[in-house]
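Asker: Right, I'll just put the structure down here and ask away after.
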Amino acid sequence: MVSNYPDRRAAGQILAQHLLAYRGRSDAQVLALPRGGVPVAFEVAQVLNVPLDVFIVRKLGVPGHEELAMGAIASGGALVLNRDVIQHLGIPQSAIDAAIRRESDELQRRESLYRDDRPPLNLENRTVLLVDDGLATGSTMRAAIAAVRQHQANRIIVAVPVAAPDTVATLQGEVDEIICPLTPRGFQAVGQWYSHFEQTTDEEVRELLARARSAEP
């Protein structure tokens, strides 16, 4: 069993071996959560020979502690709030609204930058594989799941190289399947399970998406 990954591309190649049941399926669609999920998803889509696209999700950080998620938003207007965090920290609605406005602007910027104003995704009756580089709290993935469900996907599969065990347990009831080769007990952050975890750039995202599109039939 894998104990850590050299980088995101290697993680995607390993993850793809756990998803071979979806290879070549005409109804399958790989959706990457940018930016870090794109190098992982690119490798998955290449091995499975299915289309790749991005699904934009933005974390709503707690004011002053932005690394802690109080929720997330996703393409299509989906909003997920972590009510436990909000109530425990006494976060006012005005702060939540401000975070939503700020992250909505960034979401629209990335939608335009990454998808080149292509038509909205049609996920109706598709088997959607949602791919990221890992799951900590799961807030961003939960928003993606909610949004994909609004698109009337037939099946939703979450596929990540590494995740916190309790997050996997929480999400299992929300999707049809979760594929995660590594769920370490000592999980603290996604990056600790990669030897190289540099930030994925906008340019890398655009390059990988362009390569994936050019390889499509």
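In the structure tokens, chains take letters A, B, ... by order of appearance, with residues numbered from 1 within each chain and ligands from 1 in the order shown.
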Counting only C-alpha atoms, which residues of stretch 116-202 of chain A sit at most 9 Å from some atom of stretch 77-80 of chain A, and what is each one's closest atom pair with its distance in Å to one decimal, listed by chain and rising residue number, as a Markdown table?
Answerer:
```
| residue | atom | partner | partner_atom | distance |
| --- | --- | --- | --- | --- |
| A:Ser139 | CA | A:Val80 | CA | 7.3 |
| A:Thr140 | CA | A:Val80 | CA | 8.2 |
| A:Arg142 | CA | A:Val80 | CA | 7.0 |
| A:Ala143 | CA | A:Val80 | CA | 5.3 |
| A:Ala144 | CA | A:Ala78 | CA | 7.6 |
| A:Ala146 | CA | A:Ala78 | CA | 6.4 |
| A:Ala147 | CA | A:Ala78 | CA | 5.1 |
| A:Val148 | CA | A:Ala78 | CA | 8.9 |
| A:Gln150 | CA | A:Ala78 | CA | 8.3 |
```
Asker: Output N, CA and C atoms for every residue in that selection, as a PDB file, in the first residue's frame.
Answerer:
```
ATOM      1  N   SER A 139     -15.014  20.289   2.616  1.00  0.00           N
ATOM      2  CA  SER A 139     -15.988  21.345   2.319  1.00  0.00           C
ATOM      3  C   SER A 139     -16.086  21.635   0.816  1.00  0.00           C
ATOM      4  N   THR A 140     -14.939  21.751   0.160  1.00  0.00           N
ATOM      5  CA  THR A 140     -14.981  22.057  -1.266  1.00  0.00           C
ATOM      6  C   THR A 140     -15.566  20.901  -2.055  1.00  0.00           C
ATOM      7  N   ARG A 142     -17.719  18.734  -0.958  1.00  0.00           N
ATOM      8  CA  ARG A 142     -19.149  18.672  -0.658  1.00  0.00           C
ATOM      9  C   ARG A 142     -19.928  19.665  -1.516  1.00  0.00           C
ATOM     10  N   ALA A 143     -19.367  20.839  -1.749  1.00  0.00           N
ATOM     11  CA  ALA A 143     -20.007  21.815  -2.625  1.00  0.00           C
ATOM     12  C   ALA A 143     -20.064  21.304  -4.060  1.00  0.00           C
ATOM     13  N   ALA A 144     -18.979  20.668  -4.491  1.00  0.00           N
ATOM     14  CA  ALA A 144     -18.954  20.105  -5.842  1.00  0.00           C
ATOM     15  C   ALA A 144     -20.010  19.009  -5.996  1.00  0.00           C
ATOM     16  N   ALA A 146     -22.829  18.695  -4.357  1.00  0.00           N
ATOM     17  CA  ALA A 146     -24.150  19.320  -4.393  1.00  0.00           C
ATOM     18  C   ALA A 146     -24.436  19.930  -5.759  1.00  0.00           C
ATOM     19  N   ALA A 147     -23.422  20.567  -6.335  1.00  0.00           N
ATOM     20  CA  ALA A 147     -23.616  21.216  -7.630  1.00  0.00           C
ATOM     21  C   ALA A 147     -23.800  20.191  -8.741  1.00  0.00           C
ATOM     22  N   VAL A 148     -22.997  19.136  -8.729  1.00  0.00           N
ATOM     23  CA  VAL A 148     -23.121  18.089  -9.752  1.00  0.00           C
ATOM     24  C   VAL A 148     -24.486  17.413  -9.656  1.00  0.00           C
ATOM     25  N   GLN A 150     -27.193  18.826  -8.810  1.00  0.00           N
ATOM     26  CA  GLN A 150     -28.149  19.745  -9.438  1.00  0.00           C
ATOM     27  C   GLN A 150     -28.139  19.603 -10.964  1.00  0.00           C
TER      28      GLN A 150
END
```
Asker: Please provide as a PyMOL selection string all residues within 12 Å of A:Ala45, with the sequence filter that same-chain residues fewer than 5 positions apart are discarded (counting only C-alpha atoms).
Answerer: chain A and resi 9+12-13+15-17+19-20+22-25+28-32+37-40+50-54+128-131+159+208-209+211-213+215-216
Asker: Enumerate the residues of stretch 41-95 of chain A with a DSSP assignment of alpha helix (DSSP H), computed from the backbone, and present them as a list in words.
Answerer: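 Checking each residue of stretch 41-95 of chain A, the alpha helix (DSSP H) ones are Ala41, Phe42, Glu43, Val44, Ala45, Gln46, Val47, Leu48, Arg83, Asp84, Val85, Ile86, Gln87, His88, Leu89, Gln93, Ser94 and Ala95 of chain A.
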Asker: Which residue out of A:Ser112, A:Thr127, A:Gln93, A:Thr137 has the minimum interatomic distance to A:Glu177 when only C-alpha atoms are used?
Answerer: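 With only C-alpha atoms as the atom set, the closest residue is A:Thr127.
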Asker: Rank A:Arg126, A:Gly138, A:Ser195, A:Gly36 by their smallest atom-to-atom distance to A:Leu171, using only C-alpha atoms, and report the top residue only.
Answerer: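 Closest to A:Leu171, using only C-alpha atoms: A:Gly138.
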Asker: Taking the DSSP assignment computed from this structure's backbone, write out as an MDAnalysis selection string all residues of stretch 164-198 of chain A that belong to strand (DSSP E or B).
Answerer: chainID A and resid 177:179 182 194
Asker: Determine, counting only C-alpha atoms, which protein, DNA and RNA residues have an atom within 10 Å of an atom of A:Gln199; residues of the same chain fewer than 3 positions away are not included. Present the result as a PyMOL selection string.
Answerer: chain A and resi 35-36+196+202
